[in-house]
Amino acid sequence: MPPSRDEPRGLLDALLTHRHDSLTDALAATGRTLAPPIVPAAAVTGSPTRELVVELDASAELPSPAGWRPVRYQVDCTAEDLEDVLAITAPAPLVVYPHVPDAALADAARALTEAGHIPGLTAGRGGDAVADFLSVLAHADTGYAARATGTDDVVALLSATVAALSGFDVREALGTPDVARLRRLVPEAAAAVREILLVVEVDDTDAVVRELEALDLTTG
């Protein structure tokens with residue numbers, strides 16, 4: 001089960017998520033390190049028995065759940081769709097992954113935070129783009145979501161978020177993450193990091209959990 005909302009959030013508590021094609025698979029995903037799973041809107045019927053993130057199609061109408069709302073929506077959008085997405089008023093928080101060039105990423109993130117949406121960071125961005133993105137998010141109230149290709153990316157994101165909050169070199173933190181610094185974070189600092197980095201979507205949560213545990217990055 002995810003941690004209680006009354007407990008301080010540890011560095012890895014409810015950090016990782018995965019996209020499931022079926023509601024049945026999503027409902028079976030549990031563990032303290034796991035955030036609510038992601039399912040496409042078409043897979044959601046009735047009122048699911050747990051918190052979910054619902055993936056939308058940018059070209060489709062926003063669903064209006066009766067008596068049930070997801071913990072978040074998420075959507076991918078092109079640069080051409082971004083203006084329309086900025087105007088969306090959703091019944092739950094909306095994560096937006098803007099597919100824009102690296103040079104435009106920070107501006108897109110700023111526009112999304114100003115609209116009250118949660119910027120999403122796709123995997124494979126350059127160090128300068130991530131650093132500029134985090135310079136926006138370190139001073140925003142929304143936090144951000146991210147996608148990672150594996151454990152190395154997850155550790156780099158955690159390290160870079162710490163750097164952005166602490167005034168360290170974000171590019172260096174991305175390139176050579178300081179795992180020892182992550183291990184030394186006091187609970188209040190870990191909670192502050194997780195107020196910025198809300199969740200990381202990965203393809204294989206089991207493998208990433210094992211590898212994070214091997215690095216002694218515990219949930220406390």
# chains A, B, ... in the order shown; residues from 1 in each chain; ligands from 1

call {"tool": "residues_around", "arguments": {"residues": "Leu27 (chain A)", "least_positions_apart": "5", "cutoff": "10 Å", "atoms": "only C-alpha atoms", "output": "list in words"}}
result
His20, Ser22, Pro36, Pro37, Val39, Pro48, Thr49, Arg50, Glu51 and Leu52 of chain A

call {"tool": "select_by_dssp", "arguments": {"residues": "region 18-174 of chain A", "states": "alpha helix (DSSP H)", "output": "VMD selection string"}}
result
chain A and resid 23 to 28 82 to 86 102 to 114 127 to 137 151 to 166 170 to 174

call {"tool": "select_by_dssp", "arguments": {"residues": "region 35-134 of chain A", "states": "strand (DSSP E)", "output": "list in words"}}
result
Ile38, Val39, Pro40, Val53, Val54, Glu55, Leu56, Arg72, Tyr73, Gln74, Val75, Asp76, Cys77, Thr78, Leu94, Val95, Val96, Tyr97, Pro98, His99, Ile118, Pro119, Gly120 and Leu121 of chain A

call {"tool": "closest_residue", "arguments": {"among": "A:Ala173, A:Asp76, A:Ala43, A:Glu83", "to": "Leu56 (chain A)", "atoms": "only C-alpha atoms"}}
result
A:Asp76

call {"tool": "residues_around", "arguments": {"residues": "region 94-97 of chain A", "least_positions_apart": "6", "cutoff": "12 Å", "atoms": "only C-alpha atoms", "output": "ChimeraX atom specification"}}
result
/A:38,53-58,62,69-79,81-88,105,108-113,115-123,142-147,198-201

call {"tool": "closest_residue", "arguments": {"among": "A:Ala90, A:Arg9, A:Val202, A:Leu137", "to": "Asp107 (chain A)", "atoms": "only C-alpha atoms"}}
result
A:Leu137

call {"tool": "residues_around", "arguments": {"residues": "Ala14 (chain A)", "least_positions_apart": "6", "cutoff": "7 Å", "atoms": "only C-alpha atoms", "output": "PyMOL selection string"}}
result
chain A and resi 2+32-35

call {"tool": "residues_around", "arguments": {"residues": "region 177-191 of chain A", "least_positions_apart": "2", "cutoff": "10 Å", "atoms": "only C-alpha atoms", "output": "ChimeraX atom specification"}}
result
/A:7-13,152-153,155-160,162-163,165-166,170-175,193-197,215-220

call {"tool": "atom_distance", "arguments": {"atom1": "CA of Ala92 (chain A)", "atom2": "CA of Leu15 (chain A)"}}
result
19.2 Å

call {"tool": "atom_distance", "arguments": {"atom1": "CA of Arg19 (chain A)", "atom2": "CA of Ala148 (chain A)"}}
result
12.4 Å
